[in-house]
Amino acid sequence: MNSPRSDGSAISKAGARVREHLIEAAGEIFAEKGFLGATSREICLSAGVNSAAVNYHFGGFEALYVATLLEAHRRASRWL
């Protein structure tokens with residue numbers, strides 16, 4: 001089954017896993033280095049995905065940052 005994307009299109013389970021890996025890796029790297037100290041390449045290497053994955057799945061580095069913040073908020077909200 002395909003999952004919806006923010007733009008309304010569908011992604012495969014494999015694509016959803018890539019997005020999850022990117023968000024996990026980005027969360028760790030952004031927490032350690034901040035937005036300005038992190039790089040897309042470093043996040044992709046940490047996630048074990050192709051360096052084009054950030055642009056493909058999120059449309060750019062800033063959108064990955066926003067998605068990472070939203071995921072952090074979602075997780076933190078579970079504890080409230």
# chains A, B, ... in the order shown; residues from 1 in each chain; ligands from 1

$ select_by_dssp --residues "chain A" --states "strand (DSSP E or B)" --output "VMD selection string"
chain A and resid 3 to 4 10 to 11

$ residues_around --residues "stretch 57-68 of chain A" --least-positions-apart "6" --cutoff "9 Å" --atoms "only C-alpha atoms" --output "list in words"
Arg5, Gly15, Ala16, Val18, Arg19, Leu22, Ile23, Glu24, Ala26, Gly27, Phe30, Phe35, Thr39 and Ser40 of chain A

$ atom_distance --atom1 "atom CA of A:Ala47" --atom2 "atom CA of A:Ile29"
10.6 Å

$ residues_around --residues "A:Ala25" --least-positions-apart "6" --cutoff "8 Å" --atoms "only C-alpha atoms" --output "MDAnalysis selection string"
chainID A and resid 43:44 46:47

$ write_last_selection --atoms "all heavy atoms" --output "PDB file, in the first residue's frame"
ATOM      1  N   ILE A  43      23.777  14.058   6.123  1.00  0.00           N
ATOM      2  CA  ILE A  43      22.540  13.395   6.540  1.00  0.00           C
ATOM      3  C   ILE A  43      22.282  12.164   5.681  1.00  0.00           C
ATOM      4  O   ILE A  43      21.941  11.095   6.202  1.00  0.00           O
ATOM      5  CB  ILE A  43      21.356  14.389   6.494  1.00  0.00           C
ATOM      6  CG1 ILE A  43      21.537  15.435   7.602  1.00  0.00           C
ATOM      7  CG2 ILE A  43      20.023  13.661   6.629  1.00  0.00           C
ATOM      8  CD1 ILE A  43      20.619  16.628   7.498  1.00  0.00           C
ATOM      9  N   CYS A  44      22.462  12.286   4.380  1.00  0.00           N
ATOM     10  CA  CYS A  44      22.264  11.143   3.483  1.00  0.00           C
ATOM     11  C   CYS A  44      23.249  10.020   3.780  1.00  0.00           C
ATOM     12  O   CYS A  44      22.863   8.842   3.780  1.00  0.00           O
ATOM     13  CB  CYS A  44      22.374  11.579   2.024  1.00  0.00           C
ATOM     14  SG  CYS A  44      20.970  12.565   1.468  1.00  0.00           S
ATOM     15  N   SER A  46      24.650   9.370   6.669  1.00  0.00           N
ATOM     16  CA  SER A  46      24.231   8.792   7.942  1.00  0.00           C
ATOM     17  C   SER A  46      22.994   7.910   7.769  1.00  0.00           C
ATOM     18  O   SER A  46      22.877   6.869   8.420  1.00  0.00           O
ATOM     19  CB  SER A  46      23.941   9.910   8.947  1.00  0.00           C
ATOM     20  OG  SER A  46      23.496   9.375  10.163  1.00  0.00           O
ATOM     21  N   ALA A  47      22.089   8.311   6.883  1.00  0.00           N
ATOM     22  CA  ALA A  47      20.861   7.547   6.641  1.00  0.00           C
ATOM     23  C   ALA A  47      21.099   6.362   5.716  1.00  0.00           C
ATOM     24  O   ALA A  47      20.247   5.485   5.599  1.00  0.00           O
ATOM     25  CB  ALA A  47      19.796   8.456   6.046  1.00  0.00           C
TER      26      ALA A  47
END

$ closest_residue --among "A:Glu28, A:Arg78, A:Leu36, A:Glu42" --to "A:Val54" --atoms "only C-alpha atoms"
A:Glu42

$ atom_distance --atom1 "atom CA of A:Glu32" --atom2 "atom CA of A:Leu69"
13.9 Å

$ atom_distance --atom1 "atom CA of A:Asn55" --atom2 "atom CA of A:Arg41"
11.1 Å

$ select_by_dssp --residues "chain A" --states "alpha helix (DSSP H)" --output "short mmCIF file (atom, residue, chain, number, x, y, z; two decimals) with N, CA, C and O atoms, in the first residue's frame"
data_model
loop_
_atom_site.label_atom_id
_atom_site.label_comp_id
_atom_site.auth_asym_id
_atom_site.auth_seq_id
_atom_site.Cartn_x
_atom_site.Cartn_y
_atom_site.Cartn_z
N LYS A 13 6.22 1.86 0.11
CA LYS A 13 6.72 1.55 1.45
C LYS A 13 8.22 1.78 1.52
O LYS A 13 8.73 2.27 2.53
N ALA A 14 8.93 1.44 0.46
CA ALA A 14 10.38 1.67 0.43
C ALA A 14 10.68 3.17 0.50
O ALA A 14 11.59 3.59 1.22
N GLY A 15 9.90 3.96 -0.21
CA GLY A 15 10.08 5.41 -0.16
C GLY A 15 9.79 5.96 1.21
O GLY A 15 10.47 6.86 1.70
N ALA A 16 8.76 5.41 1.86
CA ALA A 16 8.43 5.84 3.23
C ALA A 16 9.57 5.51 4.18
O ALA A 16 9.89 6.30 5.07
N ARG A 17 10.20 4.35 3.99
CA ARG A 17 11.34 3.98 4.84
C ARG A 17 12.52 4.93 4.63
O ARG A 17 13.20 5.31 5.58
N VAL A 18 12.76 5.32 3.38
CA VAL A 18 13.84 6.27 3.09
C VAL A 18 13.56 7.59 3.81
O VAL A 18 14.44 8.16 4.44
N ARG A 19 12.32 8.07 3.71
CA ARG A 19 11.94 9.30 4.41
C ARG A 19 12.18 9.17 5.91
O ARG A 19 12.70 10.09 6.55
N GLU A 20 11.78 8.04 6.49
CA GLU A 20 11.98 7.81 7.93
C GLU A 20 13.45 7.82 8.29
O GLU A 20 13.85 8.43 9.29
N HIS A 21 14.27 7.15 7.48
CA HIS A 21 15.72 7.12 7.74
C HIS A 21 16.31 8.52 7.67
O HIS A 21 17.16 8.89 8.48
N LEU A 22 15.87 9.29 6.68
CA LEU A 22 16.37 10.66 6.54
C LEU A 22 15.98 11.51 7.74
O LEU A 22 16.80 12.26 8.28
N ILE A 23 14.74 11.40 8.19
CA ILE A 23 14.29 12.19 9.33
C ILE A 23 15.03 11.79 10.60
O ILE A 23 15.43 12.65 11.40
N GLU A 24 15.25 10.49 10.79
CA GLU A 24 16.01 10.03 11.96
C GLU A 24 17.43 10.59 11.95
O GLU A 24 17.91 11.13 12.94
N ALA A 25 18.10 10.42 10.81
CA ALA A 25 19.48 10.90 10.71
C ALA A 25 19.54 12.42 10.85
O ALA A 25 20.40 12.97 11.54
N ALA A 26 18.60 13.10 10.21
CA ALA A 26 18.57 14.56 10.28
C ALA A 26 18.35 15.03 11.70
O ALA A 26 18.98 16.00 12.15
N GLY A 27 17.46 14.36 12.42
CA GLY A 27 17.20 14.75 13.81
C GLY A 27 18.45 14.72 14.66
O GLY A 27 18.73 15.64 15.43
N GLU A 28 19.23 13.66 14.50
CA GLU A 28 20.48 13.53 15.27
C GLU A 28 21.49 14.60 14.86
O GLU A 28 22.12 15.23 15.71
N ILE A 29 21.62 14.80 13.57
CA ILE A 29 22.63 15.75 13.07
C ILE A 29 22.22 17.20 13.36
O ILE A 29 23.04 18.01 13.78
N PHE A 30 20.95 17.53 13.15
CA PHE A 30 20.49 18.88 13.48
C PHE A 30 20.63 19.15 14.97
O PHE A 30 20.98 20.26 15.38
N ALA A 31 20.35 18.16 15.80
CA ALA A 31 20.48 18.34 17.25
C ALA A 31 21.93 18.60 17.63
O ALA A 31 22.22 19.40 18.52
N GLU A 32 22.84 17.92 16.96
CA GLU A 32 24.26 18.06 17.27
C GLU A 32 24.88 19.33 16.68
O GLU A 32 25.63 20.03 17.35
N LYS A 33 24.54 19.64 15.43
CA LYS A 33 25.23 20.71 14.71
C LYS A 33 24.37 21.93 14.39
O LYS A 33 24.89 22.94 13.95
N GLY A 34 23.06 21.80 14.55
CA GLY A 34 22.16 22.88 14.17
C GLY A 34 21.93 22.91 12.68
O GLY A 34 22.59 22.21 11.92
N PHE A 35 20.97 23.73 12.26
CA PHE A 35 20.63 23.82 10.84
C PHE A 35 21.81 24.29 10.00
O PHE A 35 22.10 23.72 8.94
N LEU A 36 22.51 25.30 10.47
CA LEU A 36 23.61 25.87 9.68
C LEU A 36 24.85 24.98 9.63
O LEU A 36 25.63 25.05 8.68
N GLY A 37 25.02 24.11 10.62
CA GLY A 37 26.19 23.24 10.65
C GLY A 37 26.00 21.91 9.96
O GLY A 37 26.96 21.21 9.66
N SER A 40 23.28 18.31 3.78
CA SER A 40 22.44 17.29 3.16
C SER A 40 23.26 16.02 2.91
O SER A 40 22.80 14.91 3.15
N ARG A 41 24.47 16.20 2.44
CA ARG A 41 25.35 15.05 2.16
C ARG A 41 25.60 14.23 3.42
O ARG A 41 25.53 13.01 3.41
N GLU A 42 25.91 14.91 4.51
CA GLU A 42 26.17 14.24 5.79
C GLU A 42 24.93 13.46 6.26
O GLU A 42 25.05 12.33 6.74
N ILE A 43 23.78 14.06 6.12
CA ILE A 43 22.54 13.40 6.54
C ILE A 43 22.28 12.16 5.68
O ILE A 43 21.94 11.10 6.20
N CYS A 44 22.46 12.29 4.38
CA CYS A 44 22.26 11.14 3.48
C CYS A 44 23.25 10.02 3.78
O CYS A 44 22.86 8.84 3.78
N LEU A 45 24.49 10.36 4.04
CA LEU A 45 25.48 9.34 4.40
C LEU A 45 25.08 8.62 5.68
O LEU A 45 25.14 7.40 5.78
N SER A 46 24.65 9.37 6.67
CA SER A 46 24.23 8.79 7.94
C SER A 46 22.99 7.91 7.77
O SER A 46 22.88 6.87 8.42
N ALA A 47 22.09 8.31 6.88
CA ALA A 47 20.86 7.55 6.64
C ALA A 47 21.10 6.36 5.72
O ALA A 47 20.25 5.49 5.60
N ALA A 53 18.38 11.97 -2.35
CA ALA A 53 17.14 11.60 -1.64
C ALA A 53 16.48 12.78 -0.94
O ALA A 53 15.25 12.83 -0.88
N VAL A 54 17.25 13.70 -0.41
CA VAL A 54 16.65 14.86 0.28
C VAL A 54 15.80 15.67 -0.70
O VAL A 54 14.66 16.01 -0.41
N ASN A 55 16.35 15.94 -1.86
CA ASN A 55 15.58 16.71 -2.85
C ASN A 55 14.41 15.90 -3.38
O ASN A 55 13.32 16.45 -3.58
N TYR A 56 14.59 14.62 -3.61
CA TYR A 56 13.53 13.79 -4.14
C TYR A 56 12.35 13.66 -3.17
O TYR A 56 11.20 13.81 -3.56
N HIS A 57 12.65 13.39 -1.91
CA HIS A 57 11.60 13.13 -0.94
C HIS A 57 11.05 14.37 -0.25
O HIS A 57 9.91 14.36 0.22
N PHE A 58 11.87 15.42 -0.16
CA PHE A 58 11.43 16.60 0.58
C PHE A 58 11.42 17.88 -0.25
O PHE A 58 10.89 18.89 0.20
N PHE A 61 16.58 20.92 1.38
CA PHE A 61 17.14 20.81 2.72
C PHE A 61 16.24 21.47 3.77
O PHE A 61 16.03 20.92 4.85
N GLU A 62 15.71 22.64 3.46
CA GLU A 62 14.84 23.34 4.42
C GLU A 62 13.58 22.55 4.71
O GLU A 62 13.11 22.51 5.86
N ALA A 63 13.02 21.91 3.69
CA ALA A 63 11.81 21.11 3.90
C ALA A 63 12.12 19.88 4.75
O ALA A 63 11.27 19.45 5.56
N LEU A 64 13.31 19.30 4.61
CA LEU A 64 13.71 18.20 5.48
C LEU A 64 13.80 18.69 6.92
O LEU A 64 13.36 18.01 7.85
N TYR A 65 14.34 19.88 7.11
CA TYR A 65 14.44 20.45 8.45
C TYR A 65 13.05 20.62 9.07
O TYR A 65 12.82 20.24 10.22
N VAL A 66 12.11 21.15 8.30
CA VAL A 66 10.75 21.33 8.79
C VAL A 66 10.12 19.99 9.14
O VAL A 66 9.50 19.83 10.20
N ALA A 67 10.29 19.00 8.26
CA ALA A 67 9.74 17.66 8.52
C ALA A 67 10.35 17.06 9.78
O ALA A 67 9.66 16.39 10.57
N THR A 68 11.62 17.31 10.01
CA THR A 68 12.31 16.80 11.20
C THR A 68 11.75 17.47 12.45
O THR A 68 11.51 16.81 13.46
N LEU A 69 11.54 18.77 12.39
CA LEU A 69 10.96 19.49 13.53
C LEU A 69 9.53 19.01 13.82
O LEU A 69 9.15 18.83 14.99
N LEU A 70 8.75 18.80 12.77
CA LEU A 70 7.38 18.31 12.95
C LEU A 70 7.37 16.92 13.59
O LEU A 70 6.54 16.63 14.46
N GLU A 71 8.29 16.07 13.17
CA GLU A 71 8.38 14.73 13.77
C GLU A 71 8.80 14.81 15.23
O GLU A 71 8.27 14.10 16.08
N ALA A 72 9.74 15.68 15.54
CA ALA A 72 10.16 15.86 16.93
C ALA A 72 8.99 16.35 17.78
O ALA A 72 8.77 15.88 18.90
N HIS A 73 8.21 17.27 17.23
CA HIS A 73 7.04 17.78 17.94
C HIS A 73 6.00 16.67 18.14
O HIS A 73 5.43 16.54 19.23
N ARG A 74 5.78 15.87 17.10
CA ARG A 74 4.82 14.77 17.20
C ARG A 74 5.24 13.80 18.31
O ARG A 74 4.42 13.39 19.13
N ARG A 75 6.51 13.48 18.35
CA ARG A 75 7.00 12.54 19.37
C ARG A 75 6.91 13.15 20.77
O ARG A 75 6.54 12.48 21.72
N ALA A 76 7.24 14.42 20.89
CA ALA A 76 7.20 15.08 22.19
C ALA A 76 5.76 15.21 22.69
O ALA A 76 5.50 15.13 23.89
N SER A 77 4.83 15.40 21.76
CA SER A 77 3.42 15.56 22.12
C SER A 77 2.82 14.29 22.70
O SER A 77 1.83 14.35 23.43
#
